[in-house]
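A.B. asks: File model_35.cif below, mmCIF, C-alpha atoms and all ligand atoms:
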data_my_file
loop_
_atom_site.label_atom_id
_atom_site.label_comp_id
_atom_site.auth_asym_id
_atom_site.auth_seq_id
_atom_site.Cartn_x
_atom_site.Cartn_y
_atom_site.Cartn_z
CA MET Y 1066 -39.50 50.62 -61.10
CA GLY Y 1067 -42.20 48.32 -62.49
CA SER Y 1068 -41.80 44.88 -63.96
CA THR Y 1069 -38.99 45.85 -66.28
CA TYR Y 1070 -35.49 47.23 -65.89
CA LYS Y 1071 -32.93 48.92 -68.06
CA ALA Y 1072 -29.84 47.00 -69.16
CA VAL Y 1073 -26.97 47.58 -71.55
CA GLU Y 1074 -26.35 44.44 -73.51
CA VAL Y 1075 -23.83 43.52 -76.16
CA SER Y 1076 -25.75 42.03 -79.06
CA ALA Y 1077 -22.75 41.16 -81.24
CA PRO Y 1078 -19.00 41.83 -80.89
CA GLY Y 1079 -18.52 45.58 -80.35
CA THR Y 1080 -22.24 46.43 -80.45
CA PHE Y 1081 -23.88 47.87 -77.34
CA ARG Y 1082 -27.59 48.55 -77.03
CA VAL Y 1083 -29.77 49.87 -74.23
CA VAL Y 1084 -32.76 47.59 -73.68
CA GLU Y 1085 -35.70 47.08 -71.34
CA ARG Y 1086 -35.86 43.61 -69.88
CA THR Y 1087 -38.42 41.81 -67.75
CA ILE Y 1088 -37.51 41.29 -64.11
CA SER Y 1089 -37.26 37.62 -63.24
CA GLU Y 1090 -37.15 35.70 -59.97
CA PRO Y 1091 -33.84 34.50 -58.52
CA ALA Y 1092 -33.23 30.77 -58.91
CA THR Y 1093 -32.15 28.47 -56.09
CA GLY Y 1094 -28.95 29.79 -54.51
CA GLN Y 1095 -29.25 33.17 -56.25
CA VAL Y 1096 -30.13 36.67 -55.10
CA ARG Y 1097 -31.65 39.47 -57.14
CA ILE Y 1098 -29.84 42.78 -56.83
CA ARG Y 1099 -30.90 46.35 -57.58
CA VAL Y 1100 -27.61 47.55 -58.97
CA GLU Y 1101 -26.41 51.00 -57.92
CA ALA Y 1102 -23.01 51.08 -59.61
CA CYS Y 1103 -20.84 48.91 -61.84
CA GLY Y 1104 -17.22 49.45 -62.78
CA VAL Y 1105 -15.98 49.20 -66.35
CA CYS Y 1106 -12.99 46.87 -66.46
CA HIS Y 1107 -10.51 45.97 -69.18
CA SER Y 1108 -11.61 42.35 -68.78
CA ASP Y 1109 -15.05 43.39 -70.05
CA SER Y 1110 -13.40 43.21 -73.48
CA GLY Y 1111 -13.62 39.43 -73.08
CA THR Y 1112 -17.35 39.87 -73.49
CA VAL Y 1113 -17.60 42.97 -75.67
CA GLU Y 1114 -15.06 41.80 -78.25
CA GLY Y 1115 -16.21 38.20 -77.97
CA LEU Y 1116 -12.80 36.91 -76.83
CA PHE Y 1117 -14.64 34.34 -74.72
CA PRO Y 1118 -17.30 32.18 -76.37
CA ILE Y 1119 -20.40 34.30 -75.65
CA ASN Y 1120 -24.07 33.48 -75.94
CA TRP Y 1121 -25.36 36.76 -77.38
CA PRO Y 1122 -26.87 39.02 -76.23
CA ARG Y 1123 -24.89 39.37 -73.04
CA VAL Y 1124 -24.83 42.09 -70.34
CA PRO Y 1125 -21.17 42.70 -69.36
CA GLY Y 1126 -19.91 43.96 -66.01
CA HIS Y 1127 -18.25 42.26 -63.03
CA GLU Y 1128 -17.78 45.12 -60.57
CA ALA Y 1129 -21.38 45.50 -59.47
CA VAL Y 1130 -22.66 46.98 -56.21
CA GLY Y 1131 -26.29 47.07 -55.18
CA ARG Y 1132 -28.93 46.06 -52.68
CA ILE Y 1133 -30.44 42.60 -52.46
CA ASP Y 1134 -34.07 42.82 -53.41
CA ALA Y 1135 -35.08 39.15 -53.43
CA LEU Y 1136 -33.61 35.87 -52.19
CA GLY Y 1137 -33.87 32.61 -54.10
CA SER Y 1138 -34.61 29.43 -52.20
CA GLY Y 1139 -31.81 28.01 -50.08
CA VAL Y 1140 -29.94 31.29 -49.69
CA GLN Y 1141 -28.55 31.70 -46.19
CA GLY Y 1142 -26.52 34.45 -44.57
CA TRP Y 1143 -27.78 37.30 -46.75
CA THR Y 1144 -30.82 39.53 -46.24
CA VAL Y 1145 -33.08 41.65 -48.40
CA GLY Y 1146 -31.90 45.27 -48.33
CA GLN Y 1147 -28.26 44.35 -47.67
CA ARG Y 1148 -25.69 46.08 -49.88
CA VAL Y 1149 -23.48 43.59 -51.68
CA GLY Y 1150 -20.83 43.38 -54.36
CA VAL Y 1151 -20.44 40.97 -57.27
CA GLY Y 1152 -17.01 40.40 -58.81
CA PHE Y 1153 -15.55 38.47 -61.73
CA LEU Y 1154 -15.90 35.04 -60.11
CA GLY Y 1155 -19.58 34.16 -60.16
CA GLY Y 1156 -19.44 32.00 -57.04
CA PRO Y 1157 -17.95 28.60 -56.21
CA CYS Y 1158 -20.00 25.40 -56.40
CA GLY Y 1159 -18.91 24.08 -53.01
CA TYR Y 1160 -18.64 20.44 -54.07
CA CYS Y 1161 -15.90 20.08 -56.70
CA GLU Y 1162 -12.43 18.80 -55.82
CA PHE Y 1163 -10.96 22.34 -55.54
CA CYS Y 1164 -13.84 23.70 -53.45
CA ARG Y 1165 -13.58 20.67 -51.18
CA ASP Y 1166 -9.93 21.53 -50.69
CA GLY Y 1167 -10.71 25.18 -49.92
CA ASP Y 1168 -9.50 26.60 -53.25
CA LEU Y 1169 -12.65 28.51 -54.17
CA VAL Y 1170 -10.99 30.66 -56.84
CA ASN Y 1171 -10.17 27.63 -58.97
CA CYS Y 1172 -13.59 25.97 -58.58
CA ARG Y 1173 -14.22 23.80 -61.64
CA ASN Y 1174 -17.81 24.96 -61.93
CA GLN Y 1175 -17.25 28.65 -61.47
CA GLU Y 1176 -18.95 30.93 -63.97
CA TYR Y 1177 -17.55 34.35 -64.81
CA THR Y 1178 -19.88 37.29 -64.24
CA GLY Y 1179 -20.82 39.12 -67.43
CA ILE Y 1180 -19.37 36.31 -69.55
CA HIS Y 1181 -21.24 33.11 -68.79
CA HIS Y 1182 -24.26 34.96 -67.41
CA ASP Y 1183 -25.46 38.56 -67.39
CA GLY Y 1184 -23.47 41.06 -65.36
CA GLY Y 1185 -23.79 44.50 -63.83
CA TYR Y 1186 -24.32 46.92 -66.75
CA ALA Y 1187 -27.98 46.88 -65.69
CA GLU Y 1188 -30.43 48.14 -63.07
CA ILE Y 1189 -31.14 44.56 -61.99
CA MET Y 1190 -28.97 41.46 -61.95
CA LEU Y 1191 -29.09 37.94 -60.60
CA ALA Y 1192 -26.06 36.60 -58.76
CA LYS Y 1193 -25.06 33.43 -56.99
CA ALA Y 1194 -25.04 33.99 -53.22
CA SER Y 1195 -21.75 32.09 -52.79
CA GLY Y 1196 -19.89 34.78 -54.75
CA LEU Y 1197 -21.26 37.84 -52.93
CA MET Y 1198 -19.09 40.30 -51.02
CA SER Y 1199 -20.22 42.71 -48.28
CA ILE Y 1200 -19.90 46.44 -48.76
CA PRO Y 1201 -18.89 48.41 -45.64
CA ASP Y 1202 -21.37 51.08 -44.49
CA GLY Y 1203 -20.19 54.53 -45.34
CA MET Y 1204 -18.47 53.50 -48.57
CA GLU Y 1205 -20.27 54.88 -51.63
CA SER Y 1206 -21.40 52.24 -54.12
CA ALA Y 1207 -19.53 53.92 -56.99
CA ASP Y 1208 -16.35 53.97 -54.89
CA ALA Y 1209 -16.74 50.32 -53.92
CA ALA Y 1210 -17.29 49.06 -57.50
CA PRO Y 1211 -13.67 49.07 -58.78
CA LEU Y 1212 -12.48 47.46 -55.56
CA LEU Y 1213 -14.46 44.33 -56.47
CA CYS Y 1214 -12.07 43.51 -59.32
CA ALA Y 1215 -9.09 45.87 -59.62
CA GLY Y 1216 -9.00 46.15 -55.83
CA ILE Y 1217 -9.29 42.50 -54.87
CA THR Y 1218 -6.87 41.48 -57.63
CA THR Y 1219 -4.03 43.68 -56.39
CA PHE Y 1220 -4.86 43.28 -52.68
CA ASN Y 1221 -5.06 39.48 -52.91
CA ALA Y 1222 -1.79 39.17 -54.88
CA LEU Y 1223 0.12 41.34 -52.38
CA ARG Y 1224 -1.51 39.83 -49.31
CA ASN Y 1225 -0.62 36.28 -50.38
CA SER Y 1226 2.87 37.20 -51.58
CA PRO Y 1227 6.02 36.33 -49.60
CA ALA Y 1228 6.74 40.03 -48.91
CA LYS Y 1229 6.82 41.09 -45.27
CA ALA Y 1230 6.62 44.57 -43.75
CA GLY Y 1231 9.69 46.56 -44.68
CA ASP Y 1232 10.47 44.52 -47.83
CA LEU Y 1233 10.98 46.22 -51.16
CA VAL Y 1234 7.88 45.74 -53.33
CA ALA Y 1235 7.50 47.12 -56.83
CA VAL Y 1236 4.25 47.80 -58.64
CA LEU Y 1237 4.70 47.86 -62.39
CA GLY Y 1238 2.16 50.06 -64.20
CA ILE Y 1239 0.19 52.92 -62.70
CA GLY Y 1240 -3.20 52.46 -64.31
CA GLY Y 1241 -6.54 51.09 -63.17
CA LEU Y 1242 -4.93 48.21 -61.27
CA GLY Y 1243 -1.59 49.79 -60.46
CA HIS Y 1244 -2.91 52.94 -58.83
CA LEU Y 1245 -4.66 50.69 -56.30
CA GLY Y 1246 -1.68 48.32 -56.03
CA VAL Y 1247 0.63 51.16 -54.98
CA GLN Y 1248 -1.83 52.28 -52.29
CA TYR Y 1249 -2.27 48.74 -50.90
CA ALA Y 1250 1.48 48.08 -50.93
CA ARG Y 1251 2.12 51.26 -48.95
CA ARG Y 1252 -0.65 50.56 -46.42
CA MET Y 1253 0.64 46.97 -45.96
CA GLY Y 1254 3.94 48.34 -44.74
CA PHE Y 1255 6.26 47.70 -47.69
CA GLU Y 1256 8.93 49.95 -49.12
CA VAL Y 1257 7.12 50.75 -52.34
CA VAL Y 1258 8.53 51.32 -55.81
CA ALA Y 1259 6.17 52.41 -58.58
CA ILE Y 1260 7.34 51.73 -62.12
CA GLY Y 1261 5.72 53.69 -64.93
CA ARG Y 1262 6.53 55.14 -68.30
CA GLY Y 1263 7.46 58.79 -68.42
CA SER Y 1264 8.37 61.32 -65.76
CA GLU Y 1265 4.86 62.81 -65.58
CA SER Y 1266 3.69 59.99 -63.29
CA THR Y 1267 6.31 60.76 -60.61
CA GLU Y 1268 4.08 63.04 -58.60
CA LEU Y 1269 1.04 60.77 -58.85
CA ALA Y 1270 3.10 57.77 -57.75
CA LYS Y 1271 4.32 59.64 -54.67
CA LYS Y 1272 0.81 60.87 -53.92
CA LEU Y 1273 -0.45 57.27 -54.02
CA GLY Y 1274 2.19 56.32 -51.48
CA ALA Y 1275 5.23 55.16 -53.47
CA HIS Y 1276 8.59 55.79 -51.81
CA HIS Y 1277 10.39 55.57 -55.15
CA TYR Y 1278 9.45 56.06 -58.78
CA ILE Y 1279 11.25 54.41 -61.70
CA ASP Y 1280 10.66 55.78 -65.18
CA SER Y 1281 11.03 52.69 -67.36
CA ALA Y 1282 11.34 54.85 -70.48
CA ALA Y 1283 14.42 56.62 -69.09
CA SER Y 1284 16.15 53.81 -67.20
CA ASP Y 1285 16.41 50.03 -67.04
CA PRO Y 1286 13.86 49.04 -64.38
CA ALA Y 1287 15.78 45.89 -63.40
CA ALA Y 1288 19.00 47.82 -62.75
CA ALA Y 1289 17.10 50.55 -60.89
CA LEU Y 1290 15.45 47.95 -58.64
CA GLN Y 1291 18.78 46.25 -57.98
CA ALA Y 1292 20.23 49.65 -57.01
CA LEU Y 1293 17.55 49.76 -54.32
CA GLY Y 1294 18.52 46.29 -53.10
CA GLY Y 1295 16.29 44.17 -55.34
CA ALA Y 1296 12.54 43.63 -55.03
CA LYS Y 1297 11.04 40.81 -53.01
CA VAL Y 1298 7.90 41.11 -55.13
CA ILE Y 1299 7.09 42.80 -58.41
CA LEU Y 1300 3.36 43.15 -58.94
CA ILE Y 1301 2.83 43.33 -62.69
CA THR Y 1302 -0.31 45.26 -63.55
CA ALA Y 1303 0.72 46.08 -67.14
CA SER Y 1304 -0.07 43.56 -69.85
CA GLY Y 1305 3.10 43.56 -71.99
CA GLY Y 1306 5.22 40.41 -71.96
CA THR Y 1307 8.38 42.45 -72.69
CA THR Y 1308 7.72 44.71 -69.70
CA ILE Y 1309 7.51 41.70 -67.44
CA ALA Y 1310 10.71 40.23 -68.84
CA THR Y 1311 12.76 43.45 -68.62
CA SER Y 1312 11.88 44.03 -64.97
CA PHE Y 1313 12.36 40.39 -63.91
CA LYS Y 1314 16.06 40.71 -63.09
CA GLY Y 1315 15.12 43.44 -60.62
CA LEU Y 1316 14.00 40.71 -58.21
CA ARG Y 1317 16.28 39.84 -55.33
CA PRO Y 1318 17.10 36.11 -54.88
CA GLY Y 1319 13.93 34.21 -53.99
CA GLY Y 1320 11.76 37.06 -55.20
CA VAL Y 1321 8.63 36.64 -57.27
CA SER Y 1322 7.04 38.54 -60.14
CA ILE Y 1323 3.27 38.22 -59.86
CA ASP Y 1324 1.36 38.92 -63.04
CA VAL Y 1325 -2.22 40.18 -62.83
CA GLY Y 1326 -2.31 41.97 -66.21
CA VAL Y 1327 -3.72 39.85 -69.02
CA GLY Y 1328 -2.25 40.28 -72.49
CA PRO Y 1329 -1.55 38.21 -75.61
CA GLU Y 1330 2.25 38.70 -75.61
CA PRO Y 1331 4.39 35.76 -74.45
CA ILE Y 1332 6.70 36.39 -71.51
CA GLU Y 1333 10.28 35.53 -72.42
CA ILE Y 1334 12.46 35.07 -69.39
CA SER Y 1335 15.90 33.47 -69.52
CA SER Y 1336 16.40 30.29 -67.56
CA MET Y 1337 19.63 31.84 -66.21
CA ASP Y 1338 17.69 34.65 -64.53
CA LEU Y 1339 15.15 32.16 -63.24
CA ILE Y 1340 17.65 29.68 -61.80
CA PHE Y 1341 20.49 31.91 -60.59
CA GLY Y 1342 18.70 33.74 -57.83
CA GLU Y 1343 15.87 31.20 -57.66
CA ARG Y 1344 13.39 33.77 -58.88
CA LYS Y 1345 9.77 32.92 -59.57
CA LEU Y 1346 7.15 34.06 -62.03
CA ALA Y 1347 3.55 33.58 -60.94
CA GLY Y 1348 0.02 34.45 -61.97
CA SER Y 1349 -2.76 35.46 -59.62
CA LEU Y 1350 -6.48 35.38 -60.36
CA THR Y 1351 -8.63 37.89 -58.43
CA GLY Y 1352 -9.51 36.33 -55.03
CA ASN Y 1353 -12.25 34.50 -53.20
CA ALA Y 1354 -15.29 36.23 -51.71
CA ALA Y 1355 -13.82 36.36 -48.20
CA THR Y 1356 -10.75 38.10 -49.59
CA GLY Y 1357 -13.16 40.47 -51.32
CA ASP Y 1358 -14.71 41.30 -47.95
CA ALA Y 1359 -11.20 41.88 -46.58
CA THR Y 1360 -10.29 44.09 -49.56
CA LEU Y 1361 -13.26 46.35 -48.89
CA ARG Y 1362 -12.72 46.44 -45.13
CA PHE Y 1363 -9.00 47.13 -45.51
CA SER Y 1364 -9.72 49.86 -48.07
CA ALA Y 1365 -12.19 51.54 -45.71
CA LEU Y 1366 -9.89 51.21 -42.69
CA SER Y 1367 -6.75 52.44 -44.40
CA GLY Y 1368 -8.23 55.00 -46.77
CA VAL Y 1369 -7.46 53.25 -50.07
CA SER Y 1370 -9.73 54.40 -52.86
CA ALA Y 1371 -9.88 54.17 -56.61
CA MET Y 1372 -9.85 57.35 -58.65
CA ILE Y 1373 -13.09 57.11 -60.57
CA GLU Y 1374 -15.10 58.85 -63.23
CA ALA Y 1375 -18.80 58.09 -62.79
CA VAL Y 1376 -21.24 58.25 -65.72
CA PRO Y 1377 -24.89 57.16 -66.13
CA LEU Y 1378 -25.57 53.56 -67.18
CA GLU Y 1379 -26.85 54.71 -70.58
CA GLN Y 1380 -23.33 55.95 -71.42
CA ALA Y 1381 -21.80 52.48 -71.05
CA ALA Y 1382 -20.57 52.31 -74.66
CA ALA Y 1383 -18.73 55.64 -74.37
CA ALA Y 1384 -17.30 54.69 -70.97
CA TYR Y 1385 -16.06 51.37 -72.35
CA ALA Y 1386 -14.47 53.10 -75.37
CA LYS Y 1387 -12.72 55.62 -73.13
CA MET Y 1388 -11.36 52.84 -70.90
CA MET Y 1389 -10.15 50.80 -73.89
CA ALA Y 1390 -8.43 53.90 -75.34
CA GLY Y 1391 -6.46 54.16 -72.08
CA GLN Y 1392 -8.02 57.56 -71.34
CA ALA Y 1393 -9.81 56.65 -68.10
CA ARG Y 1394 -8.24 58.22 -64.99
CA PHE Y 1395 -8.38 55.58 -63.65
CA ARG Y 1396 -11.62 53.63 -63.46
CA MET Y 1397 -14.89 54.33 -65.25
CA VAL Y 1398 -17.98 53.53 -63.16
CA LEU Y 1399 -21.55 53.31 -64.39
CA VAL Y 1400 -24.18 54.56 -61.95
CA MET Y 1401 -27.83 53.51 -62.01
CA LYS Y 1402 -30.99 55.32 -61.01
CA ASN Y 1403 -31.32 52.79 -58.15
CA GLY Y 1404 -28.44 54.62 -56.53
CA LYS Y 1405 -28.36 58.12 -55.15
CA SER Y 1406 -27.05 59.84 -58.26
ZN ZN W 1501 -16.29 24.08 -56.99
ZN ZN W 1502 -12.24 43.24 -63.84
#
What's the structure tokens form of this structure?
Ligand SMILES: [Zn+2]
Ligand SMILES: [Zn+2]

C.D. replies:
Amino acid sequence: MGSTYKAVEVSAPGTFRVVERTISEPATGQVRIRVEACGVCHSDSGTVEGLFPINWPRVPGHEAVGRIDALGSGVQGWTVGQRVGVGFLGGPCGYCEFCRDGDLVNCRNQEYTGIHHDGGYAEIMLAKASGLMSIPDGMESADAAPLLCAGITTFNALRNSPAKAGDLVAVLGIGGLGHLGVQYARRMGFEVVAIGRGSESTELAKKLGAHHYIDSAASDPAAALQALGGAKVILITASGGTTIATSFKGLRPGGVSIDVGVGPEPIEISSMDLIFGERKLAGSLTGNAATGDATLRFSALSGVSAMIEAVPLEQAAAAYAKMMAGQARFRMVLVMKNGKS
């Protein structure tokens, strides 16, 4: 590679183009990364469709794995050649009121990768050192990529939930997020219920580690969960507000539905169901970088992996379209020439 690199940028809503860009030096606090793989995530639509205010052109991608190739001034704790991951959260500032209180996810000055600055659909990217995650040796870059967003999101929500080993935990939706959520829930020691639509997912759910499968098209998921004793936690990975509402009564008293699937639909839950049983509805946003490290380590230790379809960087537009059409099984990953493939 010379002084330029290949990137896939979005030049206007819905328009991808492959471009050559000039390599630049990392600024203070940043590292430069030779990207080996980057996952394609549903949240990339925030950039591609312009749902966030975007300064065009913008390179999407927030599931990037690569090797550090240069350190900006002031960067400590990271070395050139080290393999790292970059997720959705661009890195906390370290000085705002939330950072000072240890809540790095809700940092007031946090940028989102691929939205506020260029992301991982590229052979080279710049990233803030405070947001980096370490990739375990022996884990392929393409396999690690989806764990940096879909992985950390489901792992973090379950890990910080009130469920303890042996408790009944449901994972609603068996897609990009859900197929990881089921695996994590099983490996964390819960009694796991997968909830999907249609009977064809039964076998997959069991293969991923679910003890039970509820077909929400054939039965009322809330009643089915109550028949199993009621869920301590329902991890919602599907985006429909109605889906969240119809499963809510499946929580046992004191249980919580944790939503990690973003969608435009409002969630209508009756105050009766909320109050009688003291149930809770919560949201969870990805996780901090240390939780990212833990996600990757736990995945390697316990054999959790995303089912991926890897394609070359140049096919980003097609990969994005396939993911948006719901045809990815289950995560599309772009691979760069920097990597082995
Ligand atoms: Zn901050
Ligand atoms: Zn994502």

A.B. asks: So which one's closest to Leu1366 of chain Y, Y:Ile1323, Y:Met1253, Y:Cys1214, Y:Ala1289? Using only C-alpha atoms, please.

C.D. replies: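 Looking at the shortest contact to Leu1366 of chain Y, the residue is Y:Met1253.
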
A.B. asks: What gap, in Å, lies between atom CA of Ala1259 of chain Y and atom CA of Thr1311 of chain Y?

C.D. replies: 15.0 Å

A.B. asks: Closest to ligand ZN 1501 (chain W) among Y:Ser1110, Y:Thr1093, Y:Ser1304, Y:Ser1195, using all atoms listed in the file?

C.D. replies: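 Ranked by minimum distance to ligand ZN 1501 (chain W), first place goes to Y:Ser1195.
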
A.B. asks: For ligand ZN 1502 (chain W), collect every residue having any atom at a distance of at most 7 Å from a ligand atom (counting all atoms listed in the file); output as a list in words.

C.D. replies: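 I would give the residues around ligand ZN 1502 (chain W) as Cys1106, His1107, Ser1108, Asp1109, His1127, Glu1128, Phe1153, Cys1214 and Ala1215 of chain Y.
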
A.B. asks: Kindly compile the residues surrounding ligand ZN 1501 (chain W) within 9 Å, counting only C-alpha atoms and all ligand atoms, and format them as number ranges by chain.

C.D. replies: Y: 1156-1165, 1168-1175

A.B. asks: For Leu1378 of chain Y, which of Y:Ile1088, Y:Ala1209, Y:Ala1072, Y:Ala1135 is the closest residue, counting all atoms listed in the file?

C.D. replies: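 Looking at the shortest contact to Leu1378 of chain Y, the residue is Y:Ala1072.
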
A.B. asks: Identify, on the basis of all atoms listed in the file, every residue whose closest approach to Ala1381 of chain Y does not exceed 12 Å; exclude the query and any residue fewer than 6 positions from it along the same chain; express the result as a list in words.

C.D. replies: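 The residues satisfying every condition are Ala1072, Val1073, Glu1074, Val1075, Thr1080, Phe1081, Arg1082, Val1083, Ala1102, Cys1103, Gly1104, Val1105, Cys1106, Asp1109, Val1113, Val1124, Pro1125, Gly1126, Gly1185, Tyr1186, Ala1187, Ala1375, Lys1387, Met1388, Met1397, Val1398, Leu1399, Val1400 and Met1401 of chain Y.
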
A.B. asks: Save the residues we just selected, C-alpha atoms, as a short mmCIF file (atom, residue, chain, number, x, y, z; two decimals), keeping the file's coordinate frame?

C.D. replies:
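Result went into result.cif, see below:
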data_model
loop_
_atom_site.label_atom_id
_atom_site.label_comp_id
_atom_site.auth_asym_id
_atom_site.auth_seq_id
_atom_site.Cartn_x
_atom_site.Cartn_y
_atom_site.Cartn_z
CA ALA Y 1072 -29.84 47.00 -69.16
CA VAL Y 1073 -26.97 47.58 -71.55
CA GLU Y 1074 -26.35 44.44 -73.51
CA VAL Y 1075 -23.83 43.52 -76.16
CA THR Y 1080 -22.24 46.43 -80.45
CA PHE Y 1081 -23.88 47.87 -77.34
CA ARG Y 1082 -27.59 48.55 -77.03
CA VAL Y 1083 -29.77 49.87 -74.23
CA ALA Y 1102 -23.01 51.08 -59.61
CA CYS Y 1103 -20.84 48.91 -61.84
CA GLY Y 1104 -17.22 49.45 -62.78
CA VAL Y 1105 -15.98 49.20 -66.35
CA CYS Y 1106 -12.99 46.87 -66.46
CA ASP Y 1109 -15.05 43.39 -70.05
CA VAL Y 1113 -17.60 42.97 -75.67
CA VAL Y 1124 -24.83 42.09 -70.34
CA PRO Y 1125 -21.17 42.70 -69.36
CA GLY Y 1126 -19.91 43.96 -66.01
CA GLY Y 1185 -23.79 44.50 -63.83
CA TYR Y 1186 -24.32 46.92 -66.75
CA ALA Y 1187 -27.98 46.88 -65.69
CA ALA Y 1375 -18.80 58.09 -62.79
CA LYS Y 1387 -12.72 55.62 -73.13
CA MET Y 1388 -11.36 52.84 -70.90
CA MET Y 1397 -14.89 54.33 -65.25
CA VAL Y 1398 -17.98 53.53 -63.16
CA LEU Y 1399 -21.55 53.31 -64.39
CA VAL Y 1400 -24.18 54.56 -61.95
CA MET Y 1401 -27.83 53.51 -62.01
#

A.B. asks: Using only C-alpha atoms for the distances, tell me which of Y:Asp1232, Y:Glu1268, Y:Glu1374, Y:Glu1101 is nearest to Gly1150 of chain Y.

C.D. replies: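 Of all the options, Y:Glu1101 lies closest to Gly1150 of chain Y.
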
A.B. asks: Skipping near chain neighbours, those fewer than 3 positions away, what residues fall within 7 Å of Val1149 of chain Y using only C-alpha atoms, listed as a list in words?

C.D. replies: Val1130, Gly1131, Arg1132, Leu1197, Met1198, Ser1199 and Ile1200 of chain Y

A.B. asks: Between Y:Ile1119, Y:Ile1334, Y:Ile1098, Y:Leu1346, which has the minimum distance to Gly1319 of chain Y (counting all atoms listed in the file)?

C.D. replies: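 Of Y:Ile1119, Y:Ile1334, Y:Ile1098, Y:Leu1346, the one nearest Gly1319 of chain Y is Y:Leu1346, counting all atoms listed in the file.
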
A.B. asks: From the options Y:Leu1237, Y:Leu1316, Y:Ala1292, Y:Ala1393, which residue's atoms come nearest to Asp1280 of chain Y, counting all atoms listed in the file?

C.D. replies: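 Using all atoms listed in the file, the shortest distance to Asp1280 of chain Y belongs to Y:Leu1237.
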